[in-house]
>>> print(open('structure_7.cif').read())   # mmCIF, C-alpha atoms and all ligand atoms
data_structure
loop_
_atom_site.label_atom_id
_atom_site.label_comp_id
_atom_site.auth_asym_id
_atom_site.auth_seq_id
_atom_site.Cartn_x
_atom_site.Cartn_y
_atom_site.Cartn_z
CA MET A 12 0.00 0.00 0.00
CA ASN A 13 1.42 3.40 -0.89
CA LYS A 14 1.97 6.14 1.67
CA LYS A 15 -0.90 8.32 0.38
CA ARG A 16 -3.44 5.46 0.75
CA ILE A 17 -2.24 4.72 4.27
CA ILE A 18 -2.75 8.37 5.20
CA ILE A 19 -6.25 8.42 3.66
CA ILE A 20 -7.24 5.22 5.50
CA ALA A 21 -5.80 6.60 8.75
CA LEU A 22 -7.76 9.83 8.29
CA LEU A 23 -10.95 7.89 7.57
CA LEU A 24 -10.41 5.71 10.61
CA PHE A 25 -9.70 8.74 12.74
CA GLY A 26 -12.85 10.38 11.42
CA LEU A 27 -14.85 7.29 12.26
CA THR A 28 -13.44 6.90 15.75
CA SER A 29 -13.95 10.54 16.61
CA GLU A 30 -17.55 10.25 15.39
CA VAL A 31 -18.31 7.15 17.40
CA SER A 32 -16.99 8.88 20.51
CA ALA A 33 -20.44 10.46 20.89
CA GLN A 34 -23.89 8.87 20.85
CA THR A 35 -24.18 8.94 17.04
CA ASP A 36 -27.39 6.99 16.55
CA TYR A 37 -29.18 8.83 19.34
CA GLN A 38 -32.91 9.34 18.88
CA PRO A 39 -34.34 11.32 21.80
CA THR A 40 -37.40 9.71 23.34
CA GLN A 41 -40.73 11.54 23.61
CA SER A 42 -40.01 12.18 27.29
CA ASN A 43 -36.68 13.72 26.35
CA LEU A 44 -38.26 15.95 23.71
CA GLU A 45 -40.80 17.11 26.27
CA ALA A 46 -38.02 17.76 28.78
CA ARG A 47 -36.17 19.84 26.17
CA GLN A 48 -39.27 21.91 25.60
CA TRP A 49 -39.79 22.38 29.32
CA PHE A 50 -36.16 23.45 29.64
CA ASP A 51 -36.41 25.84 26.73
CA GLU A 52 -39.34 27.60 28.38
CA ALA A 53 -38.00 27.57 31.95
CA LYS A 54 -35.55 30.43 31.33
CA PHE A 55 -34.01 30.73 34.78
CA GLY A 56 -32.11 28.35 37.05
CA LEU A 57 -29.81 28.41 40.07
CA PHE A 58 -26.25 27.11 39.70
CA ILE A 59 -24.59 25.99 42.94
CA HIS A 60 -20.85 25.42 43.24
CA TRP A 61 -20.27 23.83 46.61
CA GLY A 62 -17.50 21.62 47.86
CA VAL A 63 -14.88 21.24 50.57
CA TYR A 64 -12.89 24.00 48.85
CA SER A 65 -15.39 26.48 50.32
CA ILE A 66 -13.51 26.14 53.66
CA LEU A 67 -10.53 27.95 52.15
CA GLY A 68 -12.74 30.75 50.79
CA ASP A 69 -10.65 31.04 47.65
CA GLY A 70 -12.83 29.61 44.91
CA GLU A 71 -13.27 26.09 43.53
CA TRP A 72 -9.90 26.14 41.72
CA VAL A 73 -7.92 26.64 44.95
CA MET A 74 -6.31 23.20 44.75
CA ASN A 75 -4.81 24.05 41.37
CA ASN A 76 -4.20 27.74 42.02
CA GLN A 77 -2.34 27.22 45.30
CA ASN A 78 -0.81 23.90 44.14
CA ILE A 79 -2.10 22.11 47.21
CA ALA A 80 -0.64 18.61 47.43
CA ILE A 81 -3.08 15.67 47.44
CA ASP A 82 -2.31 14.68 51.05
CA ALA A 83 -2.79 18.25 52.27
CA TYR A 84 -6.05 18.74 50.36
CA GLU A 85 -7.32 15.43 51.72
CA LYS A 86 -7.41 17.05 55.17
CA LEU A 87 -10.07 19.53 54.08
CA PRO A 88 -13.06 17.15 54.28
CA SER A 89 -12.35 16.61 57.98
CA PHE A 90 -13.16 20.30 58.57
CA PHE A 91 -16.33 20.33 56.49
CA ASN A 92 -19.34 20.48 58.75
CA PRO A 93 -22.11 22.58 57.19
CA THR A 94 -24.45 22.41 60.15
CA GLU A 95 -26.48 25.35 58.84
CA PHE A 96 -27.25 23.73 55.51
CA ASP A 97 -30.99 23.79 54.95
CA ALA A 98 -31.98 22.23 51.62
CA GLU A 99 -35.52 23.54 51.83
CA ALA A 100 -34.34 27.09 52.43
CA TRP A 101 -32.08 26.91 49.34
CA VAL A 102 -34.87 25.55 47.18
CA LYS A 103 -37.37 28.12 48.43
CA MET A 104 -34.85 30.86 47.80
CA ALA A 105 -34.47 29.67 44.20
CA LYS A 106 -38.20 29.39 43.74
CA ASP A 107 -38.84 32.87 45.12
CA ALA A 108 -36.23 34.20 42.71
CA GLY A 109 -38.37 32.85 39.87
CA MET A 110 -36.00 29.99 39.13
CA LYS A 111 -37.40 26.75 37.78
CA TYR A 112 -34.43 24.45 38.32
CA ILE A 113 -31.20 23.98 40.24
CA THR A 114 -27.89 22.65 38.95
CA ILE A 115 -25.49 21.57 41.70
CA THR A 116 -21.89 20.38 41.60
CA THR A 117 -21.85 16.72 42.64
CA ARG A 118 -18.12 16.43 42.00
CA HIS A 119 -15.91 19.30 40.88
CA HIS A 120 -12.33 19.20 39.57
CA ASP A 121 -10.96 18.51 43.09
CA GLY A 122 -12.49 15.04 42.74
CA PHE A 123 -14.44 15.16 46.01
CA SER A 124 -17.92 13.65 45.73
CA MET A 125 -20.63 15.69 47.43
CA PHE A 126 -22.91 12.65 47.52
CA ASP A 127 -22.95 9.15 48.96
CA SER A 128 -20.80 7.19 46.54
CA LYS A 129 -20.00 3.51 46.99
CA VAL A 130 -17.30 3.63 44.33
CA SER A 131 -15.25 6.38 45.97
CA GLU A 132 -14.67 6.78 49.69
CA TYR A 133 -13.63 10.33 49.00
CA ASN A 134 -17.14 11.60 49.58
CA ILE A 135 -19.16 13.76 51.95
CA VAL A 136 -20.73 10.88 53.88
CA GLU A 137 -17.48 8.98 54.48
CA LYS A 138 -14.96 11.74 54.99
CA THR A 139 -16.64 14.67 56.69
CA PRO A 140 -17.83 15.15 60.28
CA TYR A 141 -21.15 16.20 58.75
CA GLY A 142 -21.61 12.65 57.43
CA LYS A 143 -24.87 13.29 55.57
CA ASP A 144 -25.73 13.26 51.90
CA ILE A 145 -26.58 16.83 50.90
CA LEU A 146 -27.73 15.64 47.48
CA LYS A 147 -30.38 13.41 49.00
CA GLN A 148 -31.68 16.33 51.04
CA LEU A 149 -31.71 18.57 48.03
CA THR A 150 -33.54 16.06 45.82
CA GLU A 151 -36.23 15.73 48.47
CA ALA A 152 -36.62 19.49 48.85
CA CYS A 153 -36.73 19.98 45.07
CA GLU A 154 -39.40 17.36 44.70
CA LYS A 155 -41.48 19.01 47.40
CA GLU A 156 -41.24 22.43 45.76
CA ASP A 157 -41.55 21.18 42.18
CA ILE A 158 -38.11 22.43 41.19
CA LYS A 159 -36.11 20.30 38.77
CA LEU A 160 -32.59 19.17 39.62
CA PHE A 161 -29.61 19.00 37.26
CA LEU A 162 -26.28 17.53 38.33
CA TYR A 163 -22.94 19.09 37.45
CA TYR A 164 -20.30 16.39 37.01
CA SER A 165 -16.64 17.16 36.35
CA LEU A 166 -14.83 15.08 33.75
CA LEU A 167 -11.56 16.54 34.95
CA ASP A 168 -10.18 15.22 38.25
CA TRP A 169 -7.08 16.49 40.11
CA HIS A 170 -7.32 13.77 42.76
CA ASN A 171 -7.90 10.50 40.96
CA ASP A 172 -4.70 8.77 39.74
CA ASP A 173 -6.62 7.17 36.90
CA TYR A 174 -7.18 10.60 35.39
CA PHE A 175 -4.05 9.84 33.39
CA PRO A 176 -2.45 10.93 31.12
CA ARG A 177 -3.19 14.26 32.74
CA GLY A 178 -4.49 17.35 31.02
CA LYS A 179 -3.54 21.01 30.96
CA THR A 180 -4.35 21.80 34.59
CA GLY A 181 -3.37 20.57 38.04
CA ASN A 182 0.19 19.80 37.02
CA GLY A 183 1.68 21.60 40.03
CA ILE A 184 -0.27 19.42 42.49
CA ALA A 185 2.15 17.07 44.25
CA GLY A 186 1.21 13.47 44.93
CA ARG A 187 -0.59 12.68 41.71
CA GLN A 188 0.33 9.18 40.49
CA GLU A 189 0.08 7.53 37.11
CA GLY A 190 -3.06 5.48 36.54
CA ASP A 191 -5.29 3.81 34.00
CA TRP A 192 -7.61 5.90 31.81
CA ASN A 193 -10.01 2.99 31.18
CA ASN A 194 -10.48 2.62 34.93
CA TYR A 195 -11.29 6.31 35.12
CA ILE A 196 -14.01 5.91 32.50
CA LYS A 197 -15.38 2.91 34.43
CA PHE A 198 -15.33 4.97 37.61
CA MET A 199 -17.24 7.84 36.05
CA LYS A 200 -19.81 5.43 34.61
CA ALA A 201 -20.27 3.84 38.03
CA GLN A 202 -20.76 7.23 39.69
CA LEU A 203 -23.18 8.40 37.03
CA THR A 204 -25.12 5.17 37.53
CA GLU A 205 -25.32 5.96 41.25
CA LEU A 206 -26.48 9.49 40.55
CA LEU A 207 -29.13 8.30 38.13
CA THR A 208 -30.45 5.45 40.25
CA ASN A 209 -30.33 6.68 43.85
CA TYR A 210 -31.83 10.17 43.60
CA GLY A 211 -35.11 9.85 41.72
CA GLU A 212 -35.71 11.71 38.51
CA ILE A 213 -32.75 13.80 37.41
CA ALA A 214 -33.50 16.59 34.95
CA GLY A 215 -30.03 16.73 33.45
CA ILE A 216 -26.31 16.01 33.67
CA TRP A 217 -24.04 19.03 33.23
CA PHE A 218 -20.55 17.94 32.20
CA ASP A 219 -17.51 20.15 32.56
CA GLY A 220 -13.77 19.79 32.07
CA ASP A 221 -13.56 18.31 28.56
CA TRP A 222 -11.39 21.32 27.67
CA ASP A 223 -8.65 20.01 30.00
CA LYS A 224 -7.87 17.17 27.57
CA VAL A 225 -9.39 18.15 24.25
CA ASN A 226 -8.14 15.12 22.37
CA ALA A 227 -8.95 12.52 25.02
CA ASP A 228 -11.29 9.65 24.30
CA TRP A 229 -13.99 10.41 26.84
CA HIS A 230 -16.12 7.47 25.69
CA TYR A 231 -19.07 9.80 25.27
CA ASP A 232 -20.77 7.11 23.18
CA GLU A 233 -20.97 4.83 26.23
CA ILE A 234 -21.46 7.60 28.78
CA TYR A 235 -24.27 9.40 26.98
CA LYS A 236 -25.97 6.10 26.15
CA LEU A 237 -25.74 5.00 29.77
CA ILE A 238 -27.43 8.20 30.93
CA HIS A 239 -30.19 8.05 28.35
CA ASP A 240 -30.75 4.34 29.01
CA LEU A 241 -31.06 4.92 32.76
CA GLN A 242 -33.23 8.02 32.47
CA PRO A 243 -34.33 8.78 28.89
CA GLN A 244 -35.73 12.20 29.81
CA CYS A 245 -32.44 13.29 31.39
CA LEU A 246 -30.93 16.14 29.38
CA ILE A 247 -27.23 16.02 28.65
CA GLY A 248 -25.18 19.19 28.30
CA ASN A 249 -21.41 19.45 28.05
CA ASN A 250 -19.44 22.64 28.70
CA HIS A 251 -16.80 21.76 26.11
CA HIS A 252 -17.10 25.21 24.48
CA VAL A 253 -17.41 23.74 20.97
CA ALA A 254 -20.25 22.62 18.69
CA LEU A 255 -22.83 20.15 19.99
CA LYS A 256 -21.91 16.48 19.86
CA PRO A 257 -24.39 13.69 19.06
CA GLY A 258 -26.23 12.62 22.19
CA GLU A 259 -26.35 16.08 23.76
CA ASP A 260 -29.74 17.67 24.47
CA PHE A 261 -28.83 21.26 25.19
CA GLN A 262 -25.94 23.65 24.64
CA MET A 263 -24.33 25.82 27.27
CA PHE A 264 -22.41 29.08 27.05
CA GLU A 265 -20.17 30.12 29.89
CA ARG A 266 -20.33 33.83 30.81
CA ASP A 267 -21.16 34.52 27.18
CA LEU A 268 -24.27 35.01 25.10
CA PRO A 269 -24.71 32.38 22.38
CA GLY A 270 -22.38 33.24 19.52
CA GLU A 271 -20.71 36.17 21.30
CA ASN A 272 -17.32 34.85 22.18
CA LYS A 273 -16.38 37.69 24.53
CA THR A 274 -14.53 35.57 27.09
CA GLY A 275 -12.21 33.98 24.56
CA PHE A 276 -13.17 30.45 25.56
CA GLY A 277 -16.78 30.78 24.48
CA THR A 278 -18.40 28.91 21.63
CA ALA A 279 -17.87 30.34 18.14
CA ALA A 280 -20.98 31.78 16.43
CA SER A 281 -20.79 29.07 13.76
CA ASP A 282 -20.96 26.40 16.49
CA VAL A 283 -24.24 27.59 18.01
CA GLY A 284 -26.74 24.81 17.40
CA GLU A 285 -30.49 24.48 17.34
CA LEU A 286 -30.99 22.76 20.70
CA PRO A 287 -32.15 24.59 23.86
CA ARG A 288 -29.54 27.00 25.19
CA GLU A 289 -28.27 27.98 28.57
CA VAL A 290 -25.94 30.80 29.57
CA CYS A 291 -24.23 30.35 32.93
CA ALA A 292 -22.91 33.26 34.95
CA THR A 293 -21.80 34.19 38.45
CA ILE A 294 -23.66 36.44 40.88
CA ASN A 295 -20.33 38.00 41.89
CA GLY A 296 -16.92 37.21 40.37
CA SER A 297 -16.54 33.59 41.49
CA TRP A 298 -18.18 30.19 41.13
CA GLY A 299 -17.07 28.66 44.44
CA PHE A 300 -17.20 30.69 47.68
CA ASP A 301 -14.54 33.42 47.69
CA LEU A 302 -14.19 35.36 50.90
CA GLN A 303 -12.46 38.28 49.18
CA ASP A 304 -14.87 38.66 46.31
CA LYS A 305 -16.72 41.93 46.71
CA THR A 306 -17.96 42.25 43.17
CA HIS A 307 -21.59 41.60 44.01
CA ARG A 308 -23.49 42.46 40.85
CA SER A 309 -26.40 44.92 40.99
CA LYS A 310 -30.05 44.08 40.46
CA ARG A 311 -29.89 46.01 37.19
CA GLU A 312 -26.97 43.95 35.89
CA LEU A 313 -28.48 40.64 36.93
CA VAL A 314 -31.96 41.32 35.58
CA GLN A 315 -30.48 42.63 32.36
CA GLN A 316 -28.38 39.49 32.00
CA LEU A 317 -31.50 37.35 32.34
CA VAL A 318 -33.32 39.53 29.81
CA ARG A 319 -30.40 39.44 27.38
CA ALA A 320 -30.15 35.65 27.66
CA SER A 321 -33.89 35.40 26.85
CA GLY A 322 -33.38 37.70 23.88
CA PHE A 323 -30.82 35.20 22.60
CA GLY A 324 -33.32 32.35 23.07
CA SER A 325 -31.43 31.09 26.08
CA ASN A 326 -31.89 30.29 29.77
CA LEU A 327 -29.77 31.93 32.44
CA LEU A 328 -28.17 29.66 35.04
CA LEU A 329 -27.07 32.06 37.77
CA ASN A 330 -24.48 30.81 40.22
CA VAL A 331 -24.00 31.16 43.95
CA GLY A 332 -21.13 29.64 45.94
CA PRO A 333 -22.41 28.67 49.40
CA MET A 334 -20.18 29.15 52.45
CA PRO A 335 -18.70 26.17 54.34
CA ASN A 336 -21.36 26.50 57.05
CA GLY A 337 -24.06 25.78 54.48
CA LYS A 338 -25.41 29.31 54.23
CA ILE A 339 -25.57 31.47 51.14
CA GLN A 340 -24.15 34.98 51.53
CA GLU A 341 -26.82 37.46 52.53
CA GLU A 342 -25.97 39.84 49.64
CA HIS A 343 -26.74 37.02 47.23
CA VAL A 344 -29.94 35.97 48.97
CA GLN A 345 -31.11 39.57 48.62
CA SER A 346 -30.08 39.88 44.97
CA LEU A 347 -32.01 36.72 44.16
CA ALA A 348 -35.08 38.04 45.97
CA ALA A 349 -34.81 41.27 43.97
CA ILE A 350 -34.76 39.35 40.69
CA GLY A 351 -37.79 37.41 41.93
CA ASP A 352 -39.64 40.69 42.57
CA TRP A 353 -38.85 41.84 39.06
CA LEU A 354 -39.98 38.53 37.54
CA ASN A 355 -43.23 38.60 39.50
CA ILE A 356 -44.19 41.65 37.48
CA HIS A 357 -42.39 41.07 34.18
CA GLY A 358 -42.11 37.27 34.01
CA GLU A 359 -44.75 37.12 31.31
CA THR A 360 -42.23 38.67 28.90
CA ILE A 361 -39.56 36.07 29.77
CA TYR A 362 -40.94 32.61 30.60
CA ARG A 363 -41.97 30.48 27.61
CA SER A 364 -40.73 33.18 25.23
CA LYS A 365 -38.56 32.72 22.14
CA ALA A 366 -35.87 35.09 20.91
CA GLY A 367 -37.82 37.94 19.31
CA SER A 368 -37.68 38.90 15.65
CA ILE A 369 -35.96 42.21 16.47
CA ALA A 370 -32.27 41.39 16.44
CA PRO A 371 -30.42 42.04 19.71
CA THR A 372 -27.99 44.94 20.12
CA ASP A 373 -26.14 46.26 23.19
CA ALA A 374 -29.07 48.63 23.80
CA TRP A 375 -31.99 46.19 23.45
CA VAL A 376 -33.16 42.63 22.97
CA SER A 377 -36.56 41.25 22.11
CA THR A 378 -38.55 38.24 23.22
CA GLN A 379 -41.63 36.91 21.47
CA LYS A 380 -44.72 34.78 21.86
CA GLY A 381 -46.73 34.41 18.66
CA LYS A 382 -47.73 37.85 17.46
CA THR A 383 -46.56 39.64 20.60
CA ILE A 384 -43.03 41.01 20.66
CA HIS A 385 -41.61 42.38 23.87
CA LEU A 386 -38.90 44.85 23.09
CA HIS A 387 -36.65 45.31 26.13
CA LEU A 388 -34.91 48.69 26.02
CA LEU A 389 -31.94 48.31 28.33
CA GLU A 390 -30.69 51.88 28.21
CA LYS A 391 -32.61 55.08 28.81
CA ARG A 392 -32.70 57.29 25.73
CA PRO A 393 -34.12 60.59 24.54
CA LYS A 394 -37.84 60.26 24.01
CA ALA A 395 -37.65 58.88 20.43
CA SER A 396 -36.45 55.36 19.77
CA VAL A 397 -35.69 53.96 16.34
CA ILE A 398 -35.59 50.26 15.61
CA PRO A 399 -34.04 50.00 12.17
CA GLU A 400 -35.20 47.52 9.55
CA PHE A 401 -38.47 46.77 11.26
CA LYS A 402 -40.81 45.74 8.44
CA GLU A 403 -43.53 43.67 10.09
CA ARG A 404 -47.07 45.09 10.12
CA ILE A 405 -48.03 46.44 13.51
CA LYS A 406 -51.43 46.43 15.16
CA SER A 407 -50.51 48.25 18.37
CA VAL A 408 -47.57 49.45 20.47
CA LYS A 409 -47.93 49.80 24.24
CA LEU A 410 -45.79 50.10 27.30
CA PHE A 411 -45.85 46.78 29.13
CA ALA A 412 -45.80 48.54 32.52
CA ASP A 413 -49.17 50.31 32.31
CA LYS A 414 -50.43 49.30 28.85
CA ARG A 415 -50.28 52.99 27.85
CA ALA A 416 -50.32 53.41 24.05
CA VAL A 417 -47.01 54.43 22.50
CA LYS A 418 -47.02 56.80 19.51
CA PHE A 419 -45.26 55.09 16.63
CA LYS A 420 -44.56 55.46 12.94
CA GLN A 421 -43.18 52.96 10.43
CA THR A 422 -40.83 54.63 7.95
CA LYS A 423 -38.02 53.56 5.66
CA ALA A 424 -35.67 54.12 8.60
CA GLY A 425 -37.58 51.53 10.61
CA LEU A 426 -39.92 51.75 13.56
CA LEU A 427 -40.01 55.12 15.31
CA MET A 428 -41.48 55.27 18.79
CA GLU A 429 -42.02 58.12 21.20
CA ILE A 430 -41.47 57.04 24.78
CA PRO A 431 -41.28 59.95 27.22
CA GLU A 432 -38.18 59.75 29.39
CA ALA A 433 -40.31 59.75 32.52
CA ALA A 434 -42.01 56.57 31.35
CA GLN A 435 -38.68 54.80 30.85
CA ASN A 436 -37.25 52.42 33.38
CA GLU A 437 -33.65 52.22 34.68
CA ILE A 438 -33.49 48.47 34.30
CA ASP A 439 -35.71 47.61 31.36
CA THR A 440 -38.36 49.61 29.52
CA ILE A 441 -40.57 46.95 27.99
CA VAL A 442 -42.52 47.86 24.88
CA GLU A 443 -45.25 45.47 23.80
CA ILE A 444 -45.61 45.33 20.04
CA THR A 445 -48.58 43.41 18.70
CA LEU A 446 -48.32 42.34 15.08
CA LYS A 447 -51.23 42.17 12.66
O1 LIG A 501 -13.42 25.19 35.64
C1 LIG A 501 -14.80 25.32 35.70
C2 LIG A 501 -15.21 26.37 36.70
O2 LIG A 501 -14.70 26.06 37.93
C3 LIG A 501 -16.71 26.42 36.75
O3 LIG A 501 -17.23 25.17 37.17
C4 LIG A 501 -17.26 26.76 35.40
C5 LIG A 501 -18.77 26.80 35.31
O4 LIG A 501 -19.16 26.94 34.00
N1 LIG A 501 -16.78 25.80 34.38
C6 LIG A 501 -15.36 25.58 34.33
C7 LIG A 501 -14.64 26.54 33.49
O5 LIG A 501 -15.06 26.43 32.16
#
>>> encode(input="structure_7.cif", output="structure tokens", more="lines below")
Ligand code: FHN
Amino acid sequence: MNKKRIIIIALLLFGLTSEVSAQTDYQPTQSNLEARQWFDEAKFGLFIHWGVYSILGDGEWVMNNQNIAIDAYEKLPSFFNPTEFDAEAWVKMAKDAGMKYITITTRHHDGFSMFDSKVSEYNIVEKTPYGKDILKQLTEACEKEDIKLFLYYSLLDWHNDDYFPRGKTGNGIAGRQEGDWNNYIKFMKAQLTELLTNYGEIAGIWFDGDWDKVNADWHYDEIYKLIHDLQPQCLIGNNHHVALKPGEDFQMFERDLPGENKTGFGTAASDVGELPREVCATINGSWGFDLQDKTHRSKRELVQQLVRASGFGSNLLLNVGPMPNGKIQEEHVQSLAAIGDWLNIHGETIYRSKAGSIAPTDAWVSTQKGKTIHLHLLEKRPKASVIPEFKERIKSVKLFADKRAVKFKQTKAGLLMEIPEAAQNEIDTIVEITLK
């Protein structure tokens, strides 16, 4: 065989193997399609990053950032005793904020399992003085309050020797040994089986860490199939920052609106797919609890982020990092309540909406339900507003706040509206446009 043919065959084989590394023949069940639709309409969820790292108050990457050796980090669980953890209070807080689901870290990159795992002793029940399964408590509280639960699961692991060969991160952590990658895959499958059999109905699995070893064979074909076989309705999302892979049910965007790669590690516009979308973001500057983080974001910023996400046809998954005692910082509890107050009045323009036909800009986004467009003006402006290239035929234009009619004209320049400054709102002036 000549060299060229060998290369072509190798390329074909490589193409085939990379394709089979996801669930290629996946056909979502009816229950999965319904779950996708529910998710698409839910619009707002609570992300929770909680682990033994919270004791150090320096974020969830502290093990990597401070190069804490394995044996030193292993002492942390013995100090973890969140006696003030109240699952019902967390769930009620999320519900009052207008959130429809919660996504919690069951195991982050530090490799510590925040649930009762029989395949790893390195877990909350075995290794902490607290000794209870917080996930069990949370599932029960969620069920009671009709809030859906998604589970974050890290693919990357700085603790497990079988996470080998290692990836880009954690290389300064002393005490990591060489191990067997196939064992690591087996281990993850066993833990996912536990998560999907011991905690009732799970709304979704939220993978993270693929980017640590971009060319690794993660066995997604087996992993995704396992999840869908155990719970067909369970939605799979993977924060790999690239285009959707077969077997995934939704696409996530980290601190970025779909297609706007402002962070540099976001997903390229060409890789934004047609499945339900979710933007995740932090309520301050950190995912895990950070004692020094004072960048608590204002109500205006947070509400506007939710509105912008909706205008991009996406959910917002807003994160809090609980403290080691089990409480959520008071500033964050209050911010969530403030968003809830806003949603109580304006939720109709957000929940169950689609991205509106008026294209988003920095100054506005639009959401839509049938013939009703809600134009969200996110900056105050002199009394006249122009929306260029608006060609649809309009029946009426009103302010959402008091249903007061808005004077408007459709010209070649677009839609011209007169909204007195006094009628405009600091956070979001919502204009309700009804089409003919
Ligand atoms: O490294 C993680 C980080 O700690 C956090 O979990 C976020 C949430 O989207 N994801 C990773 C960074 O992409």
>>> residues_near_ligand(input="structure_7.cif", ligand="ligand LIG 501 (chain A)", cutoff="7 Å", atoms="all atoms listed in the file", output="list in words")
Glu71, Trp72, Asp219, Gly220, Asn250, Glu265, Cys291 and Trp298 of chain A
>>> write_last_selection(input="structure_7.cif", atoms="C-alpha atoms", output="PDB file, in the coordinates of the input")
ATOM      1  CA  GLU A  71     -13.270  26.090  43.530  1.00  0.00           C
ATOM      2  CA  TRP A  72      -9.900  26.140  41.720  1.00  0.00           C
ATOM      3  CA  ASP A 219     -17.510  20.150  32.560  1.00  0.00           C
ATOM      4  CA  GLY A 220     -13.770  19.790  32.070  1.00  0.00           C
ATOM      5  CA  ASN A 250     -19.440  22.640  28.700  1.00  0.00           C
ATOM      6  CA  GLU A 265     -20.170  30.120  29.890  1.00  0.00           C
ATOM      7  CA  CYS A 291     -24.230  30.350  32.930  1.00  0.00           C
ATOM      8  CA  TRP A 298     -18.180  30.190  41.130  1.00  0.00           C
TER       9      TRP A 298
END
>>> closest_residue(input="structure_7.cif", among="A:Val225, A:Leu329, A:Met263, A:Leu203", to="Ile238 of chain A", atoms="all atoms listed in the file")
A:Leu203
>>> atom_distance(input="structure_7.cif", atom1="atom CA of Thr274 of chain A", atom2="atom CA of Tyr231 of chain A")
26.2 Å
>>> atom_distance(input="structure_7.cif", atom1="atom CA of Gly367 of chain A", atom2="atom CA of His385 of chain A")
7.4 Å
>>> atom_distance(input="structure_7.cif", atom1="atom CA of Thr293 of chain A", atom2="atom CA of Gly68 of chain A")
15.7 Å
>>> residues_around(input="structure_7.cif", residues="Gly351 of chain A", least_positions_apart="3", cutoff="6 Å", atoms="only C-alpha atoms", output="list in words")
Asp107, Ala108, Gly109, Ala348 and Leu354 of chain A
>>> residues_around(input="structure_7.cif", residues="Glu99 of chain A", least_positions_apart="2", cutoff="10 Å", atoms="all atoms listed in the file", output="PyMOL selection string")
chain A and resi 96-97+101-105+148-153+155-156
>>> closest_residue(input="structure_7.cif", among="A:Val283, A:Leu246, A:Val136, A:Ile294", to="Asn92 of chain A", atoms="all atoms listed in the file")
A:Val136
